[in-house]
Every structure is written in structure tokens, then in C-alpha cells.
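Participant: Structure supplied as upload_39.csv; contents: CSV, C-alpha atoms and all ligand atoms.
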chain,number,residue,atom,x,y,z
D,5,MET,CA,-66.9,1.9,-17.6
D,6,LYS,CA,-65.3,4.7,-15.8
D,7,LEU,CA,-64.6,2.4,-12.8
D,8,ARG,CA,-63.1,-0.2,-15.0
D,9,LYS,CA,-60.8,2.3,-16.6
D,10,THR,CA,-59.7,3.5,-13.2
D,11,ILE,CA,-59.0,-0.1,-12.0
D,12,LEU,CA,-56.9,-0.7,-15.1
D,13,ILE,CA,-54.9,2.4,-14.6
D,14,MET,CA,-54.3,1.5,-10.9
D,15,ILE,CA,-53.2,-2.0,-11.9
D,16,GLY,CA,-50.8,-0.4,-14.4
D,17,ILE,CA,-49.3,1.8,-11.8
D,18,PHE,CA,-48.8,-1.1,-9.4
D,19,VAL,CA,-47.2,-3.2,-12.1
D,20,LEU,CA,-44.8,-0.2,-12.8
D,21,PHE,CA,-44.0,0.1,-9.1
D,22,PHE,CA,-43.3,-3.5,-8.5
D,23,SER,CA,-41.3,-3.8,-11.7
D,24,SER,CA,-39.2,-0.8,-10.5
D,25,ILE,CA,-38.1,-2.6,-7.4
D,26,SER,CA,-36.8,-5.7,-9.2
D,27,VAL,CA,-33.9,-3.3,-10.1
D,28,SER,CA,-32.6,-2.1,-6.8
D,29,ALA,CA,-29.5,-0.3,-5.8
D,30,GLU,CA,-27.8,1.4,-2.9
D,31,THR,CA,-24.7,3.5,-2.7
D,32,GLU,CA,-22.5,4.5,0.2
D,33,THR,CA,-20.1,7.4,-0.2
D,34,ASP,CA,-17.0,8.1,1.8
D,35,PRO,CA,-14.8,11.2,1.9
D,36,THR,CA,-11.3,11.2,0.5
D,37,GLY,CA,-8.2,11.9,2.6
D,38,ASP,CA,-9.4,9.6,5.4
D,39,VAL,CA,-6.9,6.7,5.2
D,40,TYR,CA,-5.7,5.9,8.7
D,41,HIS,CA,-2.3,4.6,9.6
D,42,TRP,CA,-1.5,2.1,12.5
D,43,LYS,CA,1.8,3.5,13.6
D,44,MET,CA,4.1,3.9,16.5
D,45,VAL,CA,4.1,7.3,18.1
D,46,ASP,CA,6.2,7.9,21.2
D,47,SER,CA,6.7,4.1,21.6
D,48,THR,CA,2.9,3.6,21.6
D,49,TRP,CA,1.0,2.1,18.7
D,50,SER,CA,-2.1,4.0,17.6
D,51,TRP,CA,-4.3,5.0,14.7
D,52,GLN,CA,-3.3,8.3,13.0
D,53,LEU,CA,-4.7,9.9,9.9
D,54,SER,CA,-2.2,8.9,7.2
D,55,THR,CA,0.2,11.7,6.2
D,56,VAL,CA,0.7,9.8,2.9
D,57,PRO,CA,-2.4,10.1,0.7
D,58,LYS,CA,-2.6,6.3,-0.3
D,59,ALA,CA,-5.3,7.2,-2.9
D,60,TYR,CA,-5.3,3.6,-4.1
D,61,ILE,CA,-6.9,2.4,-0.8
D,62,ASP,CA,-8.9,5.6,-0.2
D,63,ILE,CA,-12.5,4.4,-0.8
D,64,THR,CA,-14.9,6.9,-2.2
D,65,GLU,CA,-17.9,4.8,-3.1
D,66,LEU,CA,-19.5,1.4,-2.5
D,67,THR,CA,-22.6,0.3,-4.5
D,68,TYR,CA,-24.7,-2.7,-5.0
D,69,THR,CA,-27.1,-3.1,-7.9
D,70,VAL,CA,-29.5,-5.9,-8.7
D,71,ASN,CA,-30.6,-6.3,-12.3
D,72,GLY,CA,-32.8,-9.3,-13.0
D,73,ASN,CA,-31.1,-12.2,-11.2
D,74,GLN,CA,-27.6,-10.7,-11.2
D,75,LEU,CA,-26.1,-8.8,-8.3
D,76,THR,CA,-23.2,-6.5,-8.8
D,77,LEU,CA,-20.9,-5.1,-6.1
D,78,SER,CA,-18.8,-2.1,-7.0
D,79,MET,CA,-16.1,-0.3,-5.0
D,80,LYS,CA,-14.4,3.0,-6.1
D,81,VAL,CA,-11.2,4.5,-4.7
D,82,ALA,CA,-9.7,7.9,-5.1
D,83,GLY,CA,-6.7,6.7,-7.1
D,84,ASN,CA,-6.2,3.7,-9.3
D,85,VAL,CA,-6.8,0.3,-7.8
D,86,GLN,CA,-3.6,-1.6,-7.1
D,87,THR,CA,-3.4,-5.3,-6.7
D,88,SER,CA,-0.4,-6.6,-4.7
D,89,GLU,CA,0.1,-9.2,-2.1
D,90,LYS,CA,0.1,-6.4,0.6
D,91,ILE,CA,-3.2,-4.9,-0.5
D,92,VAL,CA,-6.7,-6.1,0.4
D,93,TYR,CA,-10.0,-4.8,-0.9
D,94,TRP,CA,-13.2,-6.2,0.7
D,95,ALA,CA,-16.9,-5.5,0.3
D,96,LEU,CA,-19.8,-7.1,2.0
D,97,LEU,CA,-23.6,-6.9,1.5
D,98,ASN,CA,-25.9,-8.5,4.0
D,99,THR,CA,-29.6,-8.7,2.9
D,100,SER,CA,-32.4,-10.2,5.0
D,101,ASP,CA,-31.8,-13.6,3.5
D,102,ALA,CA,-28.3,-13.6,1.9
D,103,THR,CA,-24.7,-12.6,2.2
D,104,TYR,CA,-22.6,-11.5,-0.7
D,105,TYR,CA,-18.9,-10.5,-0.5
D,106,MET,CA,-16.3,-9.5,-3.0
D,107,SER,CA,-12.6,-9.4,-2.3
D,108,ILE,CA,-9.2,-8.9,-3.8
D,109,MET,CA,-6.6,-10.5,-1.4
D,110,ASN,CA,-3.1,-11.3,-2.3
D,111,ASP,CA,-4.0,-10.7,-6.0
D,112,GLN,CA,-6.8,-13.3,-5.7
D,113,LYS,CA,-10.2,-12.0,-7.0
D,114,LEU,CA,-13.4,-13.5,-5.7
D,115,ILE,CA,-17.1,-12.8,-5.4
D,116,MET,CA,-19.3,-15.0,-3.2
D,117,ALA,CA,-23.0,-15.4,-2.6
D,118,MET,CA,-24.7,-17.5,0.2
D,119,SER,CA,-28.2,-17.8,1.3
D,120,THR,CA,-28.5,-17.3,5.1
D,121,ILE,CA,-31.9,-19.0,5.4
D,122,GLY,CA,-31.8,-22.0,3.0
D,123,GLY,CA,-28.4,-23.4,3.9
D,124,GLY,CA,-26.5,-25.0,1.1
D,125,MET,CA,-23.1,-24.3,-0.4
D,126,PRO,CA,-22.0,-20.8,-1.2
D,127,ALA,CA,-21.7,-19.8,-4.9
D,128,MET,CA,-18.5,-18.2,-5.9
D,129,ASN,CA,-16.6,-17.1,-8.9
D,130,THR,CA,-13.7,-15.0,-10.0
D,131,ASP,CA,-15.7,-12.6,-12.1
D,132,VAL,CA,-14.2,-9.5,-10.5
D,133,ALA,CA,-12.9,-6.8,-12.8
D,134,VAL,CA,-10.5,-4.0,-12.0
D,135,SER,CA,-10.6,-1.0,-14.1
D,136,GLY,CA,-8.9,2.3,-13.1
D,137,ASP,CA,-10.5,3.4,-9.9
D,138,THR,CA,-13.2,0.7,-9.8
D,139,ILE,CA,-13.5,-2.9,-8.7
D,140,SER,CA,-16.7,-4.6,-9.6
D,141,GLY,CA,-18.0,-8.2,-9.4
D,142,THR,CA,-21.1,-9.9,-10.5
D,143,ILE,CA,-22.8,-13.0,-9.2
D,144,GLU,CA,-26.2,-14.6,-9.4
D,145,LEU,CA,-28.7,-13.6,-6.7
D,146,VAL,CA,-29.3,-16.2,-4.0
D,147,GLY,CA,-31.9,-14.2,-2.1
D,148,THR,CA,-35.0,-12.1,-2.7
D,149,ASP,CA,-35.5,-10.1,0.5
D,150,GLU,CA,-33.7,-6.8,0.5
D,151,THR,CA,-35.8,-5.3,3.3
D,152,SER,CA,-32.8,-5.0,5.6
D,153,ILE,CA,-29.5,-4.0,4.0
D,154,GLU,CA,-26.0,-3.8,5.4
D,155,LEU,CA,-23.4,-2.6,3.0
D,156,TRP,CA,-19.8,-2.0,4.0
D,157,GLY,CA,-16.2,-2.5,3.0
D,158,TYR,CA,-12.6,-1.7,3.5
D,159,ALA,CA,-9.3,-1.4,1.8
D,160,TRP,CA,-6.1,-2.2,3.6
D,161,GLU,CA,-2.4,-2.1,3.0
D,162,TYR,CA,0.0,-4.1,5.1
D,163,THR,CA,3.7,-3.9,5.5
D,164,GLU,CA,3.7,-7.7,5.6
D,165,TYR,CA,0.5,-9.5,4.5
D,166,GLY,CA,-1.8,-10.2,7.4
D,167,ASN,CA,0.5,-8.8,10.0
D,168,ILE,CA,-1.3,-6.2,12.1
D,169,ASN,CA,1.5,-5.9,14.6
D,170,GLN,CA,3.5,-3.9,12.2
D,171,GLU,CA,2.4,-0.6,10.6
D,172,TRP,CA,-0.5,-0.9,8.2
D,173,TRP,CA,-3.1,1.4,6.6
D,174,GLY,CA,-6.8,1.2,6.2
D,175,ASP,CA,-10.0,3.0,5.0
D,176,TRP,CA,-13.5,1.8,5.9
D,177,ILE,CA,-16.8,2.6,4.3
D,178,PRO,CA,-18.9,3.8,6.1
D,179,GLY,CA,-16.3,5.1,8.5
D,180,THR,CA,-18.3,3.8,11.4
D,181,TYR,CA,-16.9,0.3,10.6
D,182,ALA,CA,-13.4,1.4,11.4
D,183,PRO,CA,-12.0,-0.3,14.6
D,184,PHE,CA,-11.4,3.1,16.2
D,185,GLU,CA,-13.1,6.5,16.5
D,186,MET,CA,-12.3,8.7,13.5
D,187,ASP,CA,-11.1,12.2,14.2
D,188,GLU,CA,-13.8,14.3,12.7
D,189,GLY,CA,-12.3,17.7,13.4
D,190,ASP,CA,-10.1,17.8,10.4
D,191,GLY,CA,-12.7,19.2,8.0
D,192,ASP,CA,-12.9,16.1,5.8
D,193,GLY,CA,-16.6,16.3,5.7
D,194,ASN,CA,-17.0,13.2,7.7
D,195,GLY,CA,-20.0,13.7,10.0
D,196,ASP,CA,-22.0,16.6,8.7
D,197,GLY,CA,-22.4,15.4,5.1
D,198,GLU,CA,-22.1,18.9,3.8
D,199,THR,CA,-19.2,18.2,1.6
D,200,ASN,CA,-20.8,15.1,0.4
D,201,GLY,CA,-21.7,15.5,-3.2
D,202,ASP,CA,-19.8,18.4,-4.7
D,203,GLY,CA,-16.7,17.6,-2.6
D,204,GLU,CA,-16.3,14.3,-4.4
D,205,GLU,CA,-13.5,13.7,-6.8
D,206,ASN,CA,-15.6,11.7,-9.3
D,207,GLY,CA,-18.6,13.6,-10.4
D,208,ASP,CA,-19.7,10.8,-12.6
D,209,GLY,CA,-20.9,8.6,-9.8
D,210,GLY,CA,-24.0,10.6,-9.4
D,211,SER,CA,-26.3,8.9,-7.1
D,212,SER,CA,-24.9,9.5,-3.6
D,213,SER,CA,-27.3,8.4,-0.9
D,214,ASN,CA,-27.4,8.7,2.8
D,215,ASP,CA,-24.2,7.9,4.6
D,216,ASN,CA,-26.0,5.5,6.8
D,217,GLY,CA,-27.8,3.4,4.2
D,218,GLY,CA,-31.5,3.0,4.7
D,219,THR,CA,-34.1,2.6,2.0
D,220,PRO,CA,-32.9,3.3,-1.5
D,221,GLY,CA,-34.3,6.7,-2.5
D,222,PHE,CA,-35.9,5.9,-5.9
D,223,GLU,CA,-37.9,3.0,-4.5
D,224,VAL,CA,-39.5,5.4,-2.0
D,225,LEU,CA,-40.0,8.0,-4.8
D,226,ALA,CA,-41.7,5.4,-7.0
D,227,LEU,CA,-44.0,4.5,-4.1
D,228,PHE,CA,-44.9,8.2,-3.5
D,229,VAL,CA,-45.5,8.8,-7.2
D,230,SER,CA,-47.7,5.7,-7.4
D,231,LEU,CA,-49.7,6.8,-4.3
D,232,ALA,CA,-50.0,10.4,-5.6
D,233,ILE,CA,-51.4,9.2,-8.9
D,234,VAL,CA,-53.9,6.8,-7.2
D,235,ILE,CA,-55.1,9.7,-4.9
D,236,PHE,CA,-55.4,11.9,-7.9
D,237,ILE,CA,-57.5,9.3,-9.8
D,238,LEU,CA,-59.7,8.6,-6.8
D,239,ARG,CA,-60.4,12.4,-6.3
D,240,ARG,CA,-61.3,12.8,-10.0
D,241,ARG,CA,-63.8,10.0,-9.7
D,242,LYS,CA,-65.9,11.9,-7.1
O,301,CA,CA,-12.2,7.3,1.9
Written as C-alpha cells, how would this file's structure read?
Facilitator:
Amino acid sequence: MKLRKTILIMIGIFVLFFSSISVSAETETDPTGDVYHWKMVDSTWSWQLSTVPKAYIDITELTYTVNGNQLTLSMKVAGNVQTSEKIVYWALLNTSDATYYMSIMNDQKLIMAMSTIGGGMPAMNTDVAVSGDTISGTIELVGTDETSIELWGYAWEYTEYGNINQEWWGDWIPGTYAPFEMDEGDGDGNGDGETNGDGEENGDGGSSSNDNGGTPGFEVLALFVSLAIVIFILRRRK
């Protein structure tokens, strides 16, 4: 009887664990004040930290969440999101078997999902909402394998749409996706992660994760808790 009870408890724990990973999420965070400016200095074009704040393209957070068969991509900026023909917001999630992207370009909102193993046409819709500092879009899942995750995005402002031969501004999340080496000596917290967390403008975001992605924390936590309970039960049986 005791063994049967133990087995039932263990099955319960594993059901809990596997049900917890059907809701998955990952968040990238990015410092504020790190919008860069492609500008002419001494007759040479180069990337400089923008002297104008440009909070509306200063990304602070990028998140994906999966709930049931729906996937949501969400991007936050330091100011209010602005849609104009000169501003581009773009977010991308690559999983092991699918690609999702969300964009606002030239005031056109779009979210897209495409399986990278099964072929077929990509799914897309315009279910992208802008509210204050947040852009979020939802689309049906087209994959199931989130073993490997790549989550990144950018926000750009052009002088003339699409023209990168004139001055333009950009912020990338994570900063390693920028097409240049960021100057990390200006104390913006980029690099050491120490200002990550309480240095953020929006305290409501909460779940800041590692800058470089990796496994979502609560899944690992769920696994450890499950294992700890199983070990505890096995010890008690002796
Ligand atoms: Ca930023």
C-alpha cells in the first residue's frame, strides 16, 4: 500500500512538472540610455551614443510567453511607443522548430509564425497592440520544441525610411545584436548586470532573467522542486 501511495505521489509531481512547462516564458532586459546614433563626426560616419534620449525607441524588455497554443511576443520601451513611417520595431523568436516575428514598420503591424521543419506557408496576422510603452502580439503556436531559444529585437528611427546612408538611431536587445561594439564604459550597467533589476524604470515587469537568455528559470526551479520531493519520499520509504 505504501509503495502504491508513493508511486501515485510521484506521478502527481511529474504531471505538475510537465504541465508547468506548457506555459513557458523568457524575458530579456536591456538598459535605458543606450540608443545609438549613426552620425557624421569629423567627416566620418560612425556609431555614437545618442545625445538625445529617444525613449520611444529605447528598449527595456523583450518577452515571449506561451499559454496553451498561443504565443505572445511583447516589447517594452522606456517612453511611449510611437508609430510613424520613420520608426521600426522588430522582435524575433527562434525556437528549435519555428520562427516567430513581430514588427511595426511604416505603421504596419504584423506578427508571423512559421515552422522551420515542416515547411508550409507562414501564418500571419495584424493582432499587434500598442499600449503606452508596450507592443504585444499574439499568434498560434506552430512548433512545440523550445529546447533552443533565440530571442532578440530592435527599434530604429530613420531620417528617411530605409535609408542607412543618412543619420539614423537604433537600440538592440540584447546589445550583442548591435552591428557595432557598444561602449560599455559609460556606466549604463551594460555588461556587469549589477544595475539590472533595481535600475530599471518599470518595476512592474518583475521577472528579469539572464541577459544572455538560456533556460527559463522557473522551469529549472520546477524540476529541482520535483526532484527534491521525489528524493524526500524515497528517503522516507527506507
Ligand atoms: Ca535600451
Participant: Using all atoms listed in the file, which residues of the polymer chains come no farther than 12 Å from ligand CA 301 (chain O)? I'd like the answer as number ranges by chain.
Facilitator: D: 32-40, 53-54, 57-66, 79-83, 157-160, 173-180, 182, 186, 192-194, 200, 204-205
Participant: Just to be explicit: take each residue in the selection above, keep C-alpha atoms, and write the result as a short mmCIF file (atom, residue, chain, number, x, y, z; two decimals), in the coordinates of the input.
Facilitator:
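Listing of again.cif after writing:
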data_model
loop_
_atom_site.label_atom_id
_atom_site.label_comp_id
_atom_site.auth_asym_id
_atom_site.auth_seq_id
_atom_site.Cartn_x
_atom_site.Cartn_y
_atom_site.Cartn_z
CA GLU D 32 -22.50 4.50 0.20
CA THR D 33 -20.10 7.40 -0.20
CA ASP D 34 -17.00 8.10 1.80
CA PRO D 35 -14.80 11.20 1.90
CA THR D 36 -11.30 11.20 0.50
CA GLY D 37 -8.20 11.90 2.60
CA ASP D 38 -9.40 9.60 5.40
CA VAL D 39 -6.90 6.70 5.20
CA TYR D 40 -5.70 5.90 8.70
CA LEU D 53 -4.70 9.90 9.90
CA SER D 54 -2.20 8.90 7.20
CA PRO D 57 -2.40 10.10 0.70
CA LYS D 58 -2.60 6.30 -0.30
CA ALA D 59 -5.30 7.20 -2.90
CA TYR D 60 -5.30 3.60 -4.10
CA ILE D 61 -6.90 2.40 -0.80
CA ASP D 62 -8.90 5.60 -0.20
CA ILE D 63 -12.50 4.40 -0.80
CA THR D 64 -14.90 6.90 -2.20
CA GLU D 65 -17.90 4.80 -3.10
CA LEU D 66 -19.50 1.40 -2.50
CA MET D 79 -16.10 -0.30 -5.00
CA LYS D 80 -14.40 3.00 -6.10
CA VAL D 81 -11.20 4.50 -4.70
CA ALA D 82 -9.70 7.90 -5.10
CA GLY D 83 -6.70 6.70 -7.10
CA GLY D 157 -16.20 -2.50 3.00
CA TYR D 158 -12.60 -1.70 3.50
CA ALA D 159 -9.30 -1.40 1.80
CA TRP D 160 -6.10 -2.20 3.60
CA TRP D 173 -3.10 1.40 6.60
CA GLY D 174 -6.80 1.20 6.20
CA ASP D 175 -10.00 3.00 5.00
CA TRP D 176 -13.50 1.80 5.90
CA ILE D 177 -16.80 2.60 4.30
CA PRO D 178 -18.90 3.80 6.10
CA GLY D 179 -16.30 5.10 8.50
CA THR D 180 -18.30 3.80 11.40
CA ALA D 182 -13.40 1.40 11.40
CA MET D 186 -12.30 8.70 13.50
CA ASP D 192 -12.90 16.10 5.80
CA GLY D 193 -16.60 16.30 5.70
CA ASN D 194 -17.00 13.20 7.70
CA ASN D 200 -20.80 15.10 0.40
CA GLU D 204 -16.30 14.30 -4.40
CA GLU D 205 -13.50 13.70 -6.80
#
Participant: Between D:Glu30, D:Glu144, D:Asp111, D:Glu161, single out the one closest to Met128 (chain D), counting only C-alpha atoms.
Facilitator: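 Checking each candidate against Met128 (chain D), we get D:Glu144 as the closest.
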Participant: Between D:Gly123, D:Glu150, D:Gln52, D:Met118, which has the minimum distance to Phe184 (chain D) (counting all atoms listed in the file)?
Facilitator: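 Of the candidates, the smallest distance to Phe184 (chain D) is held by D:Gln52.
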Participant: Near Thr69 (chain D), counting all atoms listed in the file, which residues have an atom at most 8 Å away, once you skip same-chain residues fewer than 5 positions from it, shown as a list of chain:residue names?
Facilitator: D:Val27, D:Ser28, D:Ala29, D:Glu30, D:Leu75, D:Thr76, D:Leu77
Participant: Have a look at D:Lys9, D:Arg240, D:Lys43, D:Lys113 and name the one nearest to Ile91 (chain D); count all atoms listed in the file.
Facilitator: D:Lys113
Participant: Of the candidates D:Ala102, D:Ile17, D:Ile168, D:Val56, which one gets nearest to Pro126 (chain D) if we count all atoms listed in the file?
Facilitator: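 Among D:Ala102, D:Ile17, D:Ile168, D:Val56, it is D:Ala102 that comes nearest to Pro126 (chain D).
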Participant: Could you check which of D:Ser107, D:Phe18, D:Leu238, D:Thr10 is closest to Val134 (chain D), using all atoms listed in the file?
Facilitator: D:Ser107
Participant: Which of these residues is nearest to Leu97 (chain D), using all atoms listed in the file: D:Gln112, D:Thr67, D:Thr55, D:Thr142?
Facilitator: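 Comparing D:Gln112, D:Thr67, D:Thr55, D:Thr142 against Leu97 (chain D), the winner is D:Thr67.
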Participant: Can you tell me how far CA of Trp42 (chain D) sits from CA of Ser88 (chain D), in Å to one decimal?
Facilitator: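 These two atoms are separated by 19.3 Å.
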Participant: Within 7 Å of (-15.4, -12.8, -8.2) (coordinates as in the file), grab all the protein and nucleic acid residues, counting only C-alpha atoms, and write them out as a list in words.
Facilitator: Met106, Lys113, Leu114, Ile115, Met116, Met128, Asn129, Thr130, Asp131, Val132, Gly141 and Thr142 of chain D
Participant: Grab the CA of Tyr162 (chain D) to CA of Tyr104 (chain D) distance for me, in Å with one decimal place.
Facilitator: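 Here the two named atoms are 24.5 Å from each other.
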Participant: Identify the residues within 12 Å of coordinate (2.6, -1.8, 18.7) (same frame as the file), considering all atoms listed in the file, and give the answer as number ranges by chain.
Facilitator: D: 42-51, 167-172
Participant: So how far away is CA of Pro183 (chain D) from CA of Ser119 (chain D), in Å?
Facilitator: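 Straight-line distance from CA of Ser119 (chain D) to CA of Pro183 (chain D) works out to 27.3 Å.
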Participant: Need the shell around Glu154 (chain D): protein/DNA/RNA residues with any atom at most 8 Å away, counting all atoms listed in the file. Skip same-chain ones fewer than 4 positions apart. Format as number ranges by chain?
Facilitator: D: 96-99, 217
